[in-house]
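Colleague: Okay, handing you the structure first.
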Amino acid sequence: MKKFSKFGLSRRTFLAGVAAVAAVGKGALKPASVEAAETADSNFKGEFVLSESYADKALVETDLLIVGTGFAGLWAGISAYDKGIKNIVMVDKGSIGNSSTASLTLGSTDILYPSDSKEKWLEEYVKGADYLSRQDMWEDLLSTSYSRMQKLQSWGLKYDTVHRLISDGNKYISITAGAEWNGLVLGKAVVGVLLNELLKRKGIRYYSKTLITQLLKENGRIAGAAGVNRVDGNSVIFKAKAVIIATGQCSFSGQHALMELQTGNGYALAYDAGATLNNMEFLTFDIDPGAYGLEGGSLLGAFGARVLNRKNQDFMWKYDPVNGMDAHVRLSTRSMAREVKEGRGPIFLDRTQFCYSLAGQYFWKGLLPDGSWQKTNEVRLGELGHDVTKRLDPFYAHSFGIIGAVKANVDCSTEIPGLFVAGITISHDPGKIKGAESARAMWSGERSGETASSYLANAPDVAIDADQARLAMEFAKKPLDISGDLTPSEVLWEIQKAVFPYDVSLLKSEERLKKALNRIYEIKSDAAERMYAKDPHELIKYHETMNMLLCAELFLLASIERKESRECHYREDYPKINHTEWLKWINFSKAADGTPHIAFERVPIENYPLKPNEGDL
């Protein structure tokens, strides 16, 4: 594969250079009907893992329940098992590992090599998030990242460790890319090697196509979870002394490639159980074509591409005179929105320039190995006569997802005993730098597995109250009994119309945010009375849609509260950053009456190594 070195890849340099739960009630739960999971072998190539099945109202007992099987969930399973926890259940709303967003990504990640400066990397991360980062988490992540790469390599994963990519206007943070393993490439390769390692650890049970709809507690601590099968509609109770939520973010099923499955399920699970969410005002976007899928559209600026407005102006140099389109994606998407708002839309991506058409496209394709969905996409476009180097493509800013999530400690534990979070589900940093999310997923997966195993070493057994189990299963399946006239898809469309407009999501103002929030309240009321599910597939969509309604409400509430501009939260009525009043996190917890309780938490900046300039404070 042809790639640029970390010392040469920036837009400017490129252009210059070319069972025992009796309390549940007799008969209330049925034992699970088990089919053996597929066993691991050295020739595993990412095939589907066979799921164990269960009858309706089944009971599955375990010590540790892991929800989600992307980078974070798989790492958590490996980590917990290697620390001595052998009774583990893995659950995914799709196929184990294979349907995670992680499996469809570039598989690139930020890894701090021994030759890199941790201090310089940390500074770029923290400044990129305008000092709202959890610096203690970054310290732990960066200090341990190289050891995780060494583990992956010992398991057979191959990275391109020579050529690394720099993006988002940074100078030091470098993305390690080019993952390959056993015939798989990119995100599939990373998932494949992790899943292969997990399957070597005998005794772990796997349940696919099962959406967890509610966490269960006993005396304030985790006791398990309830779920429902998206194929047959069977409900299930998982009795567990500990739960790790390792699910995705909430993109409101946005149009950005890979984001359709990101519906905020983990956020809602933790919030409803009593955990705290924060940084919910930070909804990020990426640059995408309107006609086909593309991950990493904002990377194309480094290869000589440019974005043009209706007047054929290469406008990004106006917003970032140093980096142009290679600016941080938060600025490029916001700038696109501003151009449209001021009447200079639509926006087009121009790859017809000499630098890109003759060189950039060659190197860009070199980053996409044969077998990757993006390389297949490029080939198919060519077969259809869609030569991107000879035409302008309409491009848009599409929702990538809310960066905020569940508040946790540096060891990935929440305030609820027995509940741990990993991946995008752990609130870590409201910034968006390429490769950071996969690095966070693998770090928190490893760390949460270790912490959960320590907790389980001394955790007492749990019991599930019969009434709680019955109500949880009824809640999971209730939408099938509703006689309504609104489908989940219709409700989702209304959510998207309220949240996605540029003057609500990217260029915010109090008036427009309050108008959108009132619309969300109307949609929420209509959904509660009229939304229904006609089959198990729509049953899952129903729960996902309700979770997205919660996330939309919290996103708008937090956006209204933060009266300043910071990172990917831009208020036109408060366009400047305000460290004096707003160097703090906005926290949400569920009040006794079911409404969101808002609290403010000052960033403990005095305990962190990096601080804003004194003049800014």
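Ligands are numbered from 1 in the order shown, chains are lettered A, B, ... in the order of the structure tokens, and residues start at 1 in each chain.
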As a PyMOL selection string, please: the residues near stretch 242-247 of chain A (cut-off 9 Å, only C-alpha atoms, same-chain neighbours under 4 positions excluded).
Modeller: chain A and resi 62-74+76+92+100+215+221-225+262+264-267+269-270+417-426+441+444-445+448-449+452-453+455-456+459
Colleague: Taking the backbone alone, and naming residues the way the document does, which bits of stretch 389-542 of chain A are helix (DSSP H, G or I) by DSSP, as a PyMOL selection string?
Modeller: chain A and resi 423-425+436-458+466-481+488-499+502-505+510-530+536-542
Colleague: Rank nothing, just name the residue among A:Met546, A:Ile482, A:Val388, A:Ala397 nearest to A:Leu506, using only C-alpha atoms.
Modeller: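 With only C-alpha atoms as the atom set, the closest residue is A:Ala397.
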Colleague: For A:Met137, which of A:Arg470, A:His537, A:Arg330, A:Lys407 is the closest residue, counting only C-alpha atoms?
Modeller: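 Closest residue, counting only C-alpha atoms: A:Lys407.
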Colleague: Any idea what the distance is between atom CA of A:Leu299 and atom CA of A:Val340?
Modeller: 21.3 Å
Colleague: Quick one: residues within 9 Å of A:Asp573, only C-alpha atoms, excluding same-chain residues fewer than 6 positions away - as a ChimeraX atom specification?
Modeller: /A:508-510,563-564
Colleague: For the residues in the current selection, export C-alpha atoms as a PDB file, in the first residue's frame.
Modeller:
ATOM      1  CA  LYS A 508     -27.076  27.351  17.408  1.00  0.00           C
ATOM      2  CA  SER A 509     -29.094  30.114  19.021  1.00  0.00           C
ATOM      3  CA  GLU A 510     -31.329  30.085  22.089  1.00  0.00           C
ATOM      4  CA  LYS A 563     -24.092  29.972  26.854  1.00  0.00           C
ATOM      5  CA  GLU A 564     -20.761  30.118  25.055  1.00  0.00           C
TER       6      GLU A 564
END
Colleague: Env of A:Thr389: 10 Å cut, atoms = only C-alpha atoms, seq-sep filter 5 positions within chain, self excluded. Answer as a list in words.
Modeller: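 Selected residues are Ala305, Asp350, Arg351, Thr352, Gln353, Phe354, Tyr356, Ser357, Leu358, Gly360 and Gln361 of chain A.
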Colleague: Can I get the selected residues back with N, CA and C atoms, as a PDB file, in the first residue's frame?
Modeller:
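That gives us part-v1.pdb:
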ATOM      1  N   ALA A 305      -7.923  17.716  -2.337  1.00  0.00           N
ATOM      2  CA  ALA A 305      -9.316  18.044  -2.641  1.00  0.00           C
ATOM      3  C   ALA A 305      -9.688  19.362  -1.973  1.00  0.00           C
ATOM      4  N   ASP A 350     -14.496  19.252  -4.775  1.00  0.00           N
ATOM      5  CA  ASP A 350     -13.779  19.336  -6.043  1.00  0.00           C
ATOM      6  C   ASP A 350     -12.532  18.460  -5.988  1.00  0.00           C
ATOM      7  N   ARG A 351     -12.547  17.381  -6.767  1.00  0.00           N
ATOM      8  CA  ARG A 351     -11.379  16.506  -6.881  1.00  0.00           C
ATOM      9  C   ARG A 351     -10.823  16.520  -8.302  1.00  0.00           C
ATOM     10  N   THR A 352     -11.144  17.608  -9.052  1.00  0.00           N
ATOM     11  CA  THR A 352     -10.697  17.713 -10.442  1.00  0.00           C
ATOM     12  C   THR A 352      -9.370  18.433 -10.580  1.00  0.00           C
ATOM     13  N   GLN A 353      -8.900  19.035  -9.489  1.00  0.00           N
ATOM     14  CA  GLN A 353      -7.646  19.780  -9.558  1.00  0.00           C
ATOM     15  C   GLN A 353      -6.470  18.851  -9.861  1.00  0.00           C
ATOM     16  N   PHE A 354      -5.448  19.412 -10.478  1.00  0.00           N
ATOM     17  CA  PHE A 354      -4.278  18.638 -10.887  1.00  0.00           C
ATOM     18  C   PHE A 354      -3.717  17.808  -9.733  1.00  0.00           C
ATOM     19  N   TYR A 356      -4.988  16.651  -6.965  1.00  0.00           N
ATOM     20  CA  TYR A 356      -5.756  15.492  -6.514  1.00  0.00           C
ATOM     21  C   TYR A 356      -5.952  14.486  -7.640  1.00  0.00           C
ATOM     22  N   SER A 357      -6.336  14.958  -8.829  1.00  0.00           N
ATOM     23  CA  SER A 357      -6.699  14.021  -9.900  1.00  0.00           C
ATOM     24  C   SER A 357      -5.525  13.162 -10.345  1.00  0.00           C
ATOM     25  N   LEU A 358      -4.309  13.726 -10.317  1.00  0.00           N
ATOM     26  CA  LEU A 358      -3.151  12.978 -10.780  1.00  0.00           C
ATOM     27  C   LEU A 358      -2.360  12.315  -9.661  1.00  0.00           C
ATOM     28  N   GLY A 360      -3.415  12.793  -5.760  1.00  0.00           N
ATOM     29  CA  GLY A 360      -4.190  12.569  -4.541  1.00  0.00           C
ATOM     30  C   GLY A 360      -5.058  11.338  -4.593  1.00  0.00           C
ATOM     31  N   GLN A 361      -5.759  11.138  -5.725  1.00  0.00           N
ATOM     32  CA  GLN A 361      -6.636   9.979  -5.834  1.00  0.00           C
ATOM     33  C   GLN A 361      -5.826   8.690  -5.816  1.00  0.00           C
TER      34      GLN A 361
END
Colleague: Could you give me, as a list in words, the residues within 7 Å of stretch 513-529 of chain A, counting only C-alpha atoms and dropping anything in the same chain fewer than 2 positions from it?
Modeller: Val491, Ile495, Ala498, Val499, Val504, Lys508, Ser509, Glu510, Glu511, Met531, Leu549, Glu553, Leu556 and Ile560 of chain A
Colleague: Point out the residue among A:Gly178, A:Gly254, A:Pro394, A:Gly324 with the least atom-to-atom distance to A:Arg310, counting only C-alpha atoms.
Modeller: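 Selected residue with least distance to A:Arg310: A:Pro394.
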Colleague: Under the rule that only C-alpha atoms are counted, which of A:Leu104, A:Pro346, A:Glu606, A:Arg230 is the nearest residue to A:His543?
Modeller: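 Result for the nearest residue to A:His543: A:Arg230.
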Colleague: Report the distance between atom CA of A:Cys250 and atom CA of A:Ser489 in Å, rounded to one decimal place.
Modeller: 15.9 Å
Colleague: Per DSSP on the backbone, filter stretch 161-278 of chain A down to the residues in strand (DSSP E) and report them as a VMD selection string.
Modeller: chain A and resid 161 to 165 175 to 181 184 to 185 205 to 207 210 to 218 221 to 229 235 to 245 277 to 278
Colleague: The selected residues should be written to file as a short mmCIF file (atom, residue, chain, number, x, y, z; two decimals), in the first residue's frame (atoms: N, CA and C atoms).
Modeller:
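Writing done, so here's again29.cif:
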data_model
loop_
_atom_site.label_atom_id
_atom_site.label_comp_id
_atom_site.auth_asym_id
_atom_site.auth_seq_id
_atom_site.Cartn_x
_atom_site.Cartn_y
_atom_site.Cartn_z
N THR A 161 3.15 0.33 10.58
CA THR A 161 3.75 1.09 11.68
C THR A 161 4.78 2.10 11.22
N VAL A 162 5.01 2.17 9.91
CA VAL A 162 6.01 3.11 9.38
C VAL A 162 5.35 4.42 8.95
N HIS A 163 4.29 4.30 8.17
CA HIS A 163 3.62 5.48 7.64
C HIS A 163 2.37 5.77 8.46
N ARG A 164 2.32 6.95 9.02
CA ARG A 164 1.17 7.33 9.84
C ARG A 164 0.56 8.64 9.32
N LEU A 165 -0.71 8.79 9.57
CA LEU A 165 -1.48 9.90 9.01
C LEU A 165 -1.72 10.96 10.07
N ILE A 175 -2.23 8.84 13.26
CA ILE A 175 -3.11 7.68 13.15
C ILE A 175 -2.33 6.50 12.58
N THR A 176 -2.35 5.39 13.28
CA THR A 176 -1.78 4.14 12.77
C THR A 176 -2.86 3.40 12.00
N ALA A 177 -2.61 3.12 10.75
CA ALA A 177 -3.65 2.57 9.87
C ALA A 177 -3.17 1.28 9.22
N GLY A 178 -3.93 0.83 8.21
CA GLY A 178 -3.53 -0.32 7.42
C GLY A 178 -3.66 -1.65 8.11
N ALA A 179 -4.70 -1.81 8.97
CA ALA A 179 -4.86 -3.07 9.70
C ALA A 179 -5.18 -4.22 8.74
N GLU A 180 -4.48 -5.34 8.93
CA GLU A 180 -4.72 -6.55 8.14
C GLU A 180 -4.57 -7.78 9.03
N TRP A 181 -5.45 -8.75 8.82
CA TRP A 181 -5.35 -10.01 9.57
C TRP A 181 -6.13 -11.11 8.86
N LEU A 184 -8.56 -10.37 6.21
CA LEU A 184 -9.45 -9.25 6.49
C LEU A 184 -8.64 -7.96 6.55
N VAL A 185 -9.31 -6.84 6.27
CA VAL A 185 -8.62 -5.56 6.29
C VAL A 185 -9.41 -4.54 7.10
N ARG A 205 -20.44 -17.25 26.63
CA ARG A 205 -21.67 -17.45 25.86
C ARG A 205 -22.03 -16.19 25.09
N TYR A 206 -22.62 -16.38 23.90
CA TYR A 206 -22.91 -15.28 22.99
C TYR A 206 -24.40 -15.27 22.62
N TYR A 207 -25.00 -14.08 22.71
CA TYR A 207 -26.40 -13.90 22.35
C TYR A 207 -26.51 -12.73 21.38
N THR A 210 -30.14 -9.41 20.10
CA THR A 210 -30.87 -9.18 21.34
C THR A 210 -30.60 -7.77 21.83
N LEU A 211 -31.64 -6.97 21.88
CA LEU A 211 -31.52 -5.60 22.38
C LEU A 211 -31.78 -5.58 23.87
N ILE A 212 -30.84 -5.06 24.65
CA ILE A 212 -31.06 -4.87 26.07
C ILE A 212 -31.92 -3.63 26.25
N THR A 213 -33.04 -3.79 26.91
CA THR A 213 -34.02 -2.70 27.05
C THR A 213 -34.04 -2.06 28.43
N GLN A 214 -33.45 -2.74 29.43
CA GLN A 214 -33.51 -2.20 30.78
C GLN A 214 -32.47 -2.88 31.66
N LEU A 215 -31.82 -2.10 32.53
CA LEU A 215 -30.95 -2.67 33.54
C LEU A 215 -31.74 -2.94 34.80
N LEU A 216 -31.39 -4.01 35.52
CA LEU A 216 -32.08 -4.40 36.75
C LEU A 216 -31.15 -4.20 37.94
N LYS A 217 -31.72 -3.77 39.06
CA LYS A 217 -30.91 -3.50 40.24
C LYS A 217 -31.51 -4.17 41.47
N GLU A 218 -30.66 -4.38 42.45
CA GLU A 218 -31.07 -4.87 43.76
C GLU A 218 -30.34 -4.04 44.81
N ARG A 221 -27.57 -1.72 43.52
CA ARG A 221 -26.47 -2.25 42.72
C ARG A 221 -27.02 -3.05 41.55
N ILE A 222 -26.19 -3.26 40.57
CA ILE A 222 -26.61 -3.98 39.37
C ILE A 222 -26.92 -5.44 39.70
N ALA A 223 -28.05 -5.91 39.15
CA ALA A 223 -28.44 -7.31 39.33
C ALA A 223 -28.66 -8.02 37.99
N GLY A 224 -28.60 -7.26 36.88
CA GLY A 224 -28.79 -7.89 35.58
C GLY A 224 -29.44 -6.96 34.59
N ALA A 225 -30.11 -7.55 33.62
CA ALA A 225 -30.73 -6.76 32.55
C ALA A 225 -31.84 -7.57 31.90
N ALA A 226 -32.72 -6.84 31.23
CA ALA A 226 -33.79 -7.46 30.44
C ALA A 226 -33.56 -7.13 28.97
N GLY A 227 -33.96 -8.06 28.11
CA GLY A 227 -33.78 -7.83 26.69
C GLY A 227 -34.86 -8.50 25.87
N VAL A 228 -34.80 -8.27 24.56
CA VAL A 228 -35.78 -8.86 23.65
C VAL A 228 -35.08 -9.18 22.34
N ASN A 229 -35.51 -10.28 21.72
CA ASN A 229 -34.92 -10.75 20.47
C ASN A 229 -35.58 -10.09 19.28
N SER A 235 -38.59 -12.49 25.03
CA SER A 235 -37.96 -11.69 26.07
C SER A 235 -37.03 -12.57 26.89
N VAL A 236 -36.07 -11.92 27.59
CA VAL A 236 -35.08 -12.66 28.34
C VAL A 236 -34.61 -11.81 29.53
N ILE A 237 -34.31 -12.48 30.62
CA ILE A 237 -33.70 -11.85 31.79
C ILE A 237 -32.29 -12.39 31.94
N PHE A 238 -31.32 -11.48 32.03
CA PHE A 238 -29.95 -11.86 32.33
C PHE A 238 -29.68 -11.50 33.78
N LYS A 239 -29.45 -12.49 34.61
CA LYS A 239 -29.03 -12.24 35.98
C LYS A 239 -27.52 -12.10 35.98
N ALA A 240 -27.01 -10.95 36.46
CA ALA A 240 -25.57 -10.70 36.40
C ALA A 240 -25.16 -9.80 37.56
N LYS A 241 -24.03 -10.11 38.15
CA LYS A 241 -23.52 -9.29 39.26
C LYS A 241 -22.84 -8.02 38.76
N ALA A 242 -22.47 -8.00 37.49
CA ALA A 242 -21.84 -6.81 36.90
C ALA A 242 -22.22 -6.72 35.43
N VAL A 243 -22.31 -5.48 34.94
CA VAL A 243 -22.64 -5.22 33.54
C VAL A 243 -21.67 -4.18 33.00
N ILE A 244 -21.13 -4.46 31.81
CA ILE A 244 -20.34 -3.48 31.07
C ILE A 244 -21.15 -3.06 29.85
N ILE A 245 -21.47 -1.78 29.75
CA ILE A 245 -22.15 -1.26 28.56
C ILE A 245 -21.07 -0.76 27.61
N LEU A 277 -25.22 11.35 32.80
CA LEU A 277 -24.71 11.63 31.46
C LEU A 277 -24.12 13.04 31.45
N ASN A 278 -23.07 13.24 30.66
CA ASN A 278 -22.59 14.62 30.50
C ASN A 278 -22.02 14.85 29.11
#
Colleague: How many Å lie between atom CA of A:Asp140 and atom CA of A:Asp411, rounded to one decimal?
Modeller: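 Answer for the atom CA of A:Asp140 to atom CA of A:Asp411 separation: 9.3 Å.
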Colleague: With distances taken over only C-alpha atoms, which of A:Ile347, A:Pro289, A:Asp485, A:Glu446 is nearest to A:Met316?
Modeller: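 With only C-alpha atoms as the atom set, the closest residue is A:Ile347.
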Colleague: Set the distance at 6 Å and use only C-alpha atoms: which residues neighbour A:Val307 once local chain neighbours fewer than 6 positions away are removed? I'd like the list as a PDB file with all heavy atoms, in the first residue's frame.
Modeller:
ATOM      1  N   ASP A 314     -13.189  28.519  -3.196  1.00  0.00           N
ATOM      2  CA  ASP A 314     -12.554  27.565  -2.283  1.00  0.00           C
ATOM      3  C   ASP A 314     -12.541  28.223  -0.904  1.00  0.00           C
ATOM      4  O   ASP A 314     -11.530  28.757  -0.448  1.00  0.00           O
ATOM      5  CB  ASP A 314     -11.139  27.268  -2.771  1.00  0.00           C
ATOM      6  CG  ASP A 314     -10.434  26.199  -1.940  1.00  0.00           C
ATOM      7  OD1 ASP A 314     -11.067  25.648  -1.015  1.00  0.00           O
ATOM      8  OD2 ASP A 314      -9.242  25.939  -2.203  1.00  0.00           O
ATOM      9  N   PHE A 348     -19.924  21.791  -2.913  1.00  0.00           N
ATOM     10  CA  PHE A 348     -19.428  20.706  -3.754  1.00  0.00           C
ATOM     11  C   PHE A 348     -17.994  20.352  -3.345  1.00  0.00           C
ATOM     12  O   PHE A 348     -17.214  21.223  -2.953  1.00  0.00           O
ATOM     13  CB  PHE A 348     -19.432  21.122  -5.229  1.00  0.00           C
ATOM     14  CG  PHE A 348     -20.800  21.381  -5.783  1.00  0.00           C
ATOM     15  CD1 PHE A 348     -21.350  22.654  -5.740  1.00  0.00           C
ATOM     16  CD2 PHE A 348     -21.539  20.349  -6.334  1.00  0.00           C
ATOM     17  CE1 PHE A 348     -22.612  22.894  -6.248  1.00  0.00           C
ATOM     18  CE2 PHE A 348     -22.807  20.578  -6.844  1.00  0.00           C
ATOM     19  CZ  PHE A 348     -23.338  21.850  -6.800  1.00  0.00           C
ATOM     20  N   LEU A 349     -17.669  19.079  -3.474  1.00  0.00           N
ATOM     21  CA  LEU A 349     -16.287  18.645  -3.298  1.00  0.00           C
ATOM     22  C   LEU A 349     -15.635  18.595  -4.674  1.00  0.00           C
ATOM     23  O   LEU A 349     -16.163  17.973  -5.605  1.00  0.00           O
ATOM     24  CB  LEU A 349     -16.209  17.265  -2.644  1.00  0.00           C
ATOM     25  CG  LEU A 349     -14.777  16.817  -2.326  1.00  0.00           C
ATOM     26  CD1 LEU A 349     -14.223  17.586  -1.139  1.00  0.00           C
ATOM     27  CD2 LEU A 349     -14.719  15.319  -2.036  1.00  0.00           C
ATOM     28  N   ASP A 350     -14.496  19.252  -4.775  1.00  0.00           N
ATOM     29  CA  ASP A 350     -13.779  19.336  -6.043  1.00  0.00           C
ATOM     30  C   ASP A 350     -12.532  18.460  -5.988  1.00  0.00           C
ATOM     31  O   ASP A 350     -11.590  18.745  -5.252  1.00  0.00           O
ATOM     32  CB  ASP A 350     -13.401  20.792  -6.315  1.00  0.00           C
ATOM     33  CG  ASP A 350     -12.620  20.952  -7.621  1.00  0.00           C
ATOM     34  OD1 ASP A 350     -12.643  20.009  -8.440  1.00  0.00           O
ATOM     35  OD2 ASP A 350     -11.997  22.009  -7.802  1.00  0.00           O
TER      36      ASP A 350
END
Colleague: Counting only C-alpha atoms, figure out which residue out of A:Val126, A:Leu554, A:Ile402, A:Leu392 gets nearest to A:Lys611.
Modeller: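 Result for the nearest residue to A:Lys611: A:Val126.
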